[in-house]
$ cat my_file37.cif   # mmCIF, C-alpha atoms
data_input
loop_
_atom_site.label_atom_id
_atom_site.label_comp_id
_atom_site.auth_asym_id
_atom_site.auth_seq_id
_atom_site.Cartn_x
_atom_site.Cartn_y
_atom_site.Cartn_z
CA MET A 739 9.85 -8.28 -9.79
CA THR A 740 7.21 -6.60 -7.66
CA PRO A 741 3.64 -7.91 -7.74
CA LYS A 742 1.77 -6.79 -10.85
CA THR A 743 -0.13 -3.55 -10.50
CA ALA A 744 -3.44 -2.88 -12.25
CA GLU A 745 -1.45 -0.87 -14.80
CA ALA A 746 0.94 -3.74 -15.47
CA ARG A 747 -2.02 -6.08 -15.93
CA ALA A 748 -3.56 -3.65 -18.44
CA VAL A 749 -0.27 -3.62 -20.38
CA GLU A 750 -0.14 -7.42 -20.28
CA ARG A 751 -3.67 -7.56 -21.71
CA ALA A 752 -2.62 -5.25 -24.56
CA ASN A 753 0.38 -7.48 -25.16
CA GLN A 754 -1.87 -10.56 -25.29
CA ALA A 755 -4.28 -8.75 -27.64
CA PHE A 756 -1.35 -8.14 -30.00
CA TYR A 757 -0.45 -11.83 -30.15
CA ASP A 758 -4.11 -12.87 -30.38
CA ALA A 759 -4.53 -10.59 -33.40
CA VAL A 760 -1.55 -12.18 -35.19
CA GLU A 761 -2.62 -15.68 -34.16
CA ASN A 762 -6.13 -15.08 -35.53
CA SER A 763 -4.84 -13.35 -38.70
CA ASP A 764 -7.09 -10.48 -37.66
CA LEU A 765 -5.75 -7.29 -39.24
CA ASP A 766 -8.61 -5.21 -37.81
CA ALA A 767 -7.79 -6.34 -34.29
CA LEU A 768 -4.13 -5.56 -35.00
CA GLU A 769 -5.06 -2.08 -36.27
CA ALA A 770 -6.70 -1.51 -32.89
CA VAL A 771 -3.56 -2.53 -30.98
CA VAL A 772 -0.88 -0.68 -32.96
CA LEU A 773 -0.25 2.94 -31.97
CA ASP A 774 -1.71 5.58 -34.26
CA GLY A 775 -1.73 9.38 -34.25
CA PRO A 776 1.27 11.72 -33.96
CA LEU A 777 3.66 8.86 -33.17
CA ALA A 778 2.55 6.66 -36.08
CA GLU A 779 5.70 7.49 -38.05
CA SER A 780 7.88 6.22 -35.20
CA VAL A 781 6.14 2.85 -34.82
CA ALA A 782 8.86 0.27 -35.35
CA VAL A 783 8.82 -3.49 -35.79
CA VAL A 784 11.56 -6.06 -36.22
CA HIS A 785 10.33 -9.51 -37.22
CA PRO A 786 12.76 -12.33 -36.38
CA GLY A 787 15.71 -12.11 -38.77
CA TRP A 788 14.30 -9.09 -40.57
CA PRO A 789 15.63 -5.55 -40.83
CA VAL A 790 13.80 -2.74 -39.01
CA LEU A 791 10.45 -1.65 -40.39
CA ARG A 792 9.60 1.89 -39.42
CA GLY A 793 6.25 3.65 -39.63
CA ARG A 794 2.79 2.30 -38.98
CA ARG A 795 1.92 1.84 -42.67
CA GLU A 796 5.02 -0.25 -43.38
CA VAL A 797 4.47 -2.26 -40.21
CA MET A 798 0.85 -3.08 -40.99
CA ARG A 799 1.84 -4.09 -44.52
CA SER A 800 4.41 -6.53 -43.15
CA PHE A 801 1.84 -8.15 -40.89
CA ALA A 802 -0.57 -8.49 -43.82
CA LEU A 803 2.25 -10.21 -45.72
CA ILE A 804 3.04 -12.53 -42.82
CA MET A 805 -0.61 -13.42 -42.35
CA ALA A 806 -0.94 -14.17 -46.06
CA ASN A 807 2.07 -16.49 -45.85
CA THR A 808 1.12 -18.25 -42.64
CA ASP A 809 -1.48 -20.98 -42.60
CA TYR A 810 -1.27 -21.48 -38.91
CA ILE A 811 0.49 -19.80 -36.05
CA GLN A 812 0.16 -20.14 -32.33
CA PHE A 813 2.07 -18.30 -29.63
CA PHE A 814 2.69 -19.71 -26.19
CA LEU A 815 4.08 -16.81 -24.22
CA THR A 816 6.40 -17.48 -21.32
CA ASP A 817 8.63 -15.29 -19.12
CA VAL A 818 6.28 -12.34 -19.57
CA GLU A 819 7.73 -9.41 -17.64
CA VAL A 820 6.18 -5.95 -17.56
CA GLY A 821 7.80 -2.68 -16.56
CA VAL A 822 5.59 0.40 -16.44
CA ASP A 823 6.78 3.95 -15.97
CA GLY A 824 4.49 6.86 -16.64
CA ASP A 825 3.11 6.68 -20.16
CA ALA A 826 5.47 4.00 -21.42
CA ALA A 827 5.70 0.31 -20.65
CA VAL A 828 8.13 -2.38 -21.71
CA VAL A 829 7.16 -6.03 -22.00
CA THR A 830 9.70 -8.75 -22.56
CA CYS A 831 8.55 -12.26 -23.28
CA THR A 832 9.49 -15.51 -24.93
CA GLU A 833 7.33 -16.56 -27.86
CA ASN A 834 7.16 -20.32 -28.14
CA ILE A 835 5.83 -20.51 -31.68
CA LEU A 836 4.05 -23.28 -33.50
CA THR A 837 3.70 -22.32 -37.12
CA GLY A 838 2.97 -23.60 -40.57
CA GLY A 839 2.87 -21.82 -43.90
CA PRO A 840 2.37 -22.55 -47.56
CA GLU A 841 6.09 -22.04 -48.12
CA ASP A 842 8.15 -22.25 -44.98
CA ASP A 843 11.23 -20.92 -46.74
CA ASP A 844 9.37 -17.89 -48.05
CA PRO A 845 10.81 -14.61 -46.71
CA GLY A 846 7.27 -13.67 -45.68
CA SER A 847 7.01 -16.62 -43.31
CA LEU A 848 7.74 -16.09 -39.67
CA VAL A 849 10.71 -17.88 -38.19
CA GLY A 850 9.28 -20.61 -36.01
CA GLY A 851 10.54 -21.99 -32.75
CA LEU A 852 11.93 -19.88 -29.97
CA VAL A 853 11.72 -16.12 -30.31
CA VAL A 854 12.33 -13.45 -27.70
CA ALA A 855 10.43 -10.22 -27.94
CA THR A 856 10.65 -6.72 -26.57
CA ASN A 857 7.40 -4.84 -26.89
CA VAL A 858 7.03 -1.19 -25.95
CA PHE A 859 3.56 0.17 -25.24
CA ARG A 860 2.40 3.75 -25.04
CA ARG A 861 -0.49 4.96 -22.93
CA THR A 862 -3.26 6.64 -24.93
CA PRO A 863 -6.73 7.88 -23.93
CA GLU A 864 -8.05 4.64 -25.51
CA GLY A 865 -5.66 2.39 -23.64
CA TRP A 866 -2.17 0.96 -24.11
CA ARG A 867 -1.00 0.76 -27.71
CA LEU A 868 1.97 -1.04 -29.29
CA TRP A 869 4.77 1.38 -30.17
CA VAL A 870 7.61 -1.05 -30.83
CA HIS A 871 7.80 -4.80 -31.37
CA HIS A 872 11.18 -6.45 -31.75
CA GLY A 873 11.31 -10.22 -32.07
CA SER A 874 14.49 -12.20 -32.57
CA PRO A 875 15.38 -15.86 -32.81
CA VAL A 876 17.26 -17.46 -29.94
CA LEU A 877 20.22 -18.96 -31.79
CA ALA A 878 22.33 -20.29 -28.94
CA GLU A 879 21.48 -22.28 -25.88
CA GLN A 880 22.92 -19.55 -23.72
CA ASP A 881 23.60 -20.53 -20.17
CA ASP A 882 24.76 -17.08 -19.21
CA GLU A 883 24.65 -17.85 -15.48
CA THR A 884 27.33 -20.47 -16.00
CA ALA A 885 29.27 -18.43 -18.52
CA ALA A 886 29.23 -15.36 -16.28
CA ALA A 887 30.26 -17.46 -13.29
CA GLU A 888 33.21 -18.83 -15.26
CA HIS A 889 34.21 -15.30 -16.09
CA GLU A 890 34.10 -14.15 -12.49
CA GLU A 891 37.12 -14.84 -10.31
CA MET B 542 10.67 11.68 -40.32
CA THR B 543 10.49 15.27 -39.16
CA PRO B 544 13.69 17.26 -38.68
CA LYS B 545 15.47 16.31 -35.49
CA THR B 546 14.55 18.32 -32.44
CA ALA B 547 17.03 19.22 -29.69
CA GLU B 548 15.49 16.38 -27.66
CA ALA B 549 15.97 13.87 -30.46
CA ARG B 550 19.59 14.96 -30.80
CA ALA B 551 20.11 14.46 -27.05
CA VAL B 552 18.69 10.94 -27.35
CA GLU B 553 20.95 10.26 -30.33
CA ARG B 554 23.96 11.36 -28.29
CA ALA B 555 22.97 8.97 -25.49
CA ASN B 556 22.61 6.21 -28.07
CA GLN B 557 26.07 6.97 -29.44
CA ALA B 558 27.50 7.03 -25.90
CA PHE B 559 26.13 3.52 -25.40
CA TYR B 560 27.90 2.17 -28.48
CA ASP B 561 31.09 4.11 -27.68
CA ALA B 562 31.16 2.50 -24.23
CA VAL B 563 30.91 -1.01 -25.70
CA GLU B 564 33.40 -0.19 -28.47
CA ASN B 565 35.89 1.08 -25.88
CA SER B 566 35.23 -1.81 -23.47
CA ASP B 567 34.50 0.91 -20.92
CA LEU B 568 32.26 -0.57 -18.22
CA ASP B 569 32.26 2.67 -16.22
CA ALA B 570 31.01 4.63 -19.22
CA LEU B 571 28.38 1.93 -19.74
CA GLU B 572 27.32 2.19 -16.08
CA ALA B 573 26.69 5.88 -16.73
CA VAL B 574 24.47 5.16 -19.74
CA VAL B 575 22.32 2.31 -18.40
CA LEU B 576 19.23 3.31 -16.43
CA ASP B 577 19.47 2.98 -12.66
CA GLY B 578 17.10 3.68 -9.79
CA PRO B 579 13.52 2.44 -9.35
CA LEU B 580 13.40 1.02 -12.90
CA ALA B 581 16.69 -0.88 -12.63
CA GLU B 582 14.86 -4.20 -12.26
CA SER B 583 13.06 -3.64 -15.56
CA VAL B 584 16.18 -2.86 -17.60
CA ALA B 585 16.21 -5.44 -20.40
CA VAL B 586 18.76 -6.42 -22.99
CA VAL B 587 18.74 -8.93 -25.82
CA HIS B 588 22.11 -9.53 -27.43
CA PRO B 589 21.94 -10.92 -30.97
CA GLY B 590 20.79 -14.54 -30.78
CA TRP B 591 20.56 -14.49 -26.98
CA PRO B 592 17.55 -14.89 -24.72
CA VAL B 593 16.28 -11.86 -22.78
CA LEU B 594 18.39 -10.60 -19.89
CA ARG B 595 16.33 -8.71 -17.36
CA GLY B 596 17.53 -6.45 -14.58
CA ARG B 597 20.44 -4.01 -14.54
CA ARG B 598 22.79 -6.35 -12.67
CA GLU B 599 22.32 -9.20 -15.13
CA VAL B 600 22.68 -6.81 -18.05
CA MET B 601 25.92 -5.30 -16.80
CA ARG B 602 27.32 -8.76 -16.18
CA SER B 603 26.59 -9.78 -19.76
CA PHE B 604 28.42 -6.74 -21.10
CA ALA B 605 31.40 -7.51 -18.89
CA LEU B 606 31.38 -11.02 -20.36
CA ILE B 607 31.14 -9.74 -23.93
CA MET B 608 33.94 -7.24 -23.36
CA ALA B 609 36.12 -9.99 -21.88
CA ASN B 610 35.50 -12.14 -24.96
CA THR B 611 35.95 -9.42 -27.56
CA ASP B 612 39.38 -8.25 -28.62
CA TYR B 613 38.05 -5.67 -30.99
CA ILE B 614 34.67 -4.32 -31.88
CA GLN B 615 33.58 -1.35 -33.92
CA PHE B 616 30.06 -0.18 -34.67
CA PHE B 617 29.17 1.78 -37.75
CA LEU B 618 25.61 2.92 -37.12
CA THR B 619 23.32 3.54 -40.05
CA ASP B 620 19.58 4.21 -40.41
CA VAL B 621 19.48 5.87 -37.00
CA GLU B 622 15.88 6.95 -36.36
CA VAL B 623 14.73 8.60 -33.15
CA GLY B 624 11.18 8.92 -31.85
CA VAL B 625 10.67 10.96 -28.68
CA ASP B 626 7.46 11.20 -26.72
CA GLY B 627 7.43 12.66 -23.25
CA ASP B 628 9.88 10.83 -21.03
CA ALA B 629 10.50 7.90 -23.36
CA ALA B 630 12.36 7.68 -26.63
CA VAL B 631 12.87 4.88 -29.11
CA VAL B 632 15.91 4.61 -31.33
CA THR B 633 16.15 2.10 -34.14
CA CYS B 634 19.41 1.66 -35.96
CA THR B 635 21.49 -0.77 -37.96
CA GLU B 636 24.76 -1.84 -36.36
CA ASN B 637 27.35 -2.61 -39.01
CA ILE B 638 29.79 -4.50 -36.81
CA LEU B 639 33.45 -5.25 -37.25
CA THR B 640 34.54 -7.61 -34.53
CA GLY B 641 37.22 -10.00 -33.43
CA GLY B 642 37.50 -12.14 -30.36
CA PRO B 643 39.79 -14.75 -28.85
CA GLU B 644 37.22 -17.42 -29.65
CA ASP B 645 34.70 -16.40 -32.25
CA ASP B 646 32.53 -19.43 -31.53
CA ASP B 647 32.42 -18.67 -27.82
CA PRO B 648 28.89 -17.97 -26.61
CA GLY B 649 30.20 -14.78 -25.01
CA SER B 650 31.27 -13.38 -28.37
CA LEU B 651 28.97 -10.97 -30.13
CA VAL B 652 27.52 -12.04 -33.43
CA GLY B 653 29.30 -9.94 -36.04
CA GLY B 654 27.99 -8.53 -39.25
CA LEU B 655 24.61 -6.90 -39.66
CA VAL B 656 22.55 -6.36 -36.55
CA VAL B 657 19.41 -4.29 -36.11
CA ALA B 658 18.75 -2.69 -32.77
CA THR B 659 15.86 -1.17 -30.92
CA ASN B 660 16.98 0.98 -28.01
CA VAL B 661 14.55 2.56 -25.57
CA PHE B 662 15.71 5.52 -23.52
CA ARG B 663 14.16 7.04 -20.44
CA ARG B 664 14.46 10.68 -19.44
CA THR B 665 16.06 11.21 -16.02
CA PRO B 666 17.19 14.38 -14.20
CA GLU B 667 20.74 13.41 -15.31
CA GLY B 668 19.80 12.94 -18.94
CA TRP B 669 18.58 10.14 -21.18
CA ARG B 670 19.39 6.63 -19.96
CA LEU B 671 19.17 3.25 -21.70
CA TRP B 672 16.14 1.26 -20.54
CA VAL B 673 16.05 -1.46 -23.20
CA HIS B 674 18.50 -2.67 -25.84
CA HIS B 675 17.43 -5.38 -28.26
CA GLY B 676 19.83 -6.37 -31.00
CA SER B 677 19.16 -9.10 -33.53
CA PRO B 678 20.96 -10.49 -36.54
CA VAL B 679 19.55 -9.79 -39.98
CA LEU B 680 19.29 -13.31 -41.36
CA ALA B 681 17.58 -12.72 -44.68
CA GLU B 682 18.17 -10.23 -47.41
CA GLN B 683 14.65 -9.02 -47.03
CA ASP B 684 13.38 -6.88 -49.86
CA ASP B 685 10.07 -6.26 -48.16
CA GLU B 686 9.12 -3.49 -50.58
CA THR B 687 9.16 -6.02 -53.38
CA ALA B 688 7.60 -8.77 -51.32
CA ALA B 689 4.81 -6.50 -50.13
CA ALA B 690 4.24 -5.23 -53.67
CA GLU B 691 3.91 -8.82 -54.88
CA HIS B 692 1.37 -9.43 -52.18
CA GLU B 693 -0.71 -6.41 -53.10
CA GLU B 694 -3.15 -6.72 -55.97
#

$ encode --input "my_file37.cif" --output "structure tokens"
Amino acid sequence: MTPKTAEARAVERANQAFYDAVENSDLDALEAVVLDGPLAESVAVVHPGWPVLRGRREVMRSFALIMANTDYIQFFLTDVEVGVDGDAAVVTCTENILTGGPEDDDPGSLVGGLVVATNVFRRTPEGWRLWVHHGSPVLAEQDDETAAAEHEE
Amino acid sequence: MTPKTAEARAVERANQAFYDAVENSDLDALEAVVLDGPLAESVAVVHPGWPVLRGRREVMRSFALIMANTDYIQFFLTDVEVGVDGDAAVVTCTENILTGGPEDDDPGSLVGGLVVATNVFRRTPEGWRLWVHHGSPVLAEQDDETAAAEHEE
């Protein structure tokens, strides 16, 4: 990857603000991060193991549910990579999650452990806003370098 | 969602071309769909249960591996939703997958069954190209309408 530009750093700050809002159970802060306006209907979120939630209203409701079912959550982000092009930016990162909830087997609880996320941000006059968040559990210890090497002649 | 515009239909065709390429084990067709050029390094893919793969080269290699380990795969796409804004477009869809492979427990095999995907496309002079693909297994029968209703007073 090329060295981070000022734009990429701004996107990374927006990405961090998103995780901070969830970590702090701060719905107002989350409202400020999630894209609003004409594209609100196309805001999409996939929580780990969940189906797609589409539309800002549905998305915010799911986060309220998760926050209500999570006593404690902390994200250690690693492998944060940012790609910016024009008014859109894609962040991929690994969420190393420490979590606790009143009922860990409740469908409203986040899946803990290792989650990979793709987050798409959209430039607005007020700054970068979250358009899409897709998190998914890493199920296999995938050593794709080795696997791919085995496949190659 | 609003009625589909010509742009949204073009994005949906690119999305279908992506799945057709995988279904047909057609790496050349896939090469034509995946974004190339200055953004090639930021192309990102998450296969269901896998960590993030970043960069066009790595991504293409993973698809070659999956194709080599999959005798048969068919995607029935449902809930296809397209959001277009400027030069970026987001597709969410449910992949209802029928699959078979020489070794179903091989890490190179795709996870079958119900997968949700977020696909980000980028407008290029040659048409819409895949920038990000994130697929993840649906682990829970999540009736979030009910769950959210229970949460609300």

$ resolve_selection --input "my_file37.cif" --expression "the PyMOL selection byres ((chain B) within 6 of (chain A))" --output "MDAnalysis selection string"
chainID B and resid 583 590:592 624 677:680

$ atom_distance --input "my_file37.cif" --atom1 "CA of Arg670 (chain B)" --atom2 "CA of Leu773 (chain A)"
23.3 Å

$ resolve_selection --input "my_file37.cif" --expression "the PyMOL selection byres ((chain B and resi 551-563) around 8)" --output "list of chain:residue names"
B:Ala547, B:Glu548, B:Ala549, B:Arg550, B:Glu564, B:Asn565, B:Ser566, B:Asp567, B:Leu568, B:Ala570, B:Leu571, B:Val574, B:Phe604, B:Met608, B:Ile614, B:Phe616, B:Val623, B:Ala630, B:Val632, B:Asn660, B:Phe662, B:Trp669, B:Arg670, B:Leu671

$ axis_aligned_box --input "my_file37.cif" --around "region 807-821 of chain A" --padding-each-side "4 Å" --output "JSON"
{"center_x": 3.6, "center_y": -12.1, "center_z": -31.2, "size_x": 18.1, "size_y": 26.8, "size_z": 37.3}

$ atom_distance --input "my_file37.cif" --atom1 "CA of Thr743 (chain A)" --atom2 "CA of Arg598 (chain B)"
23.2 Å

$ atom_distance --input "my_file37.cif" --atom1 "CA of Glu769 (chain A)" --atom2 "CA of Arg861 (chain A)"
15.8 Å
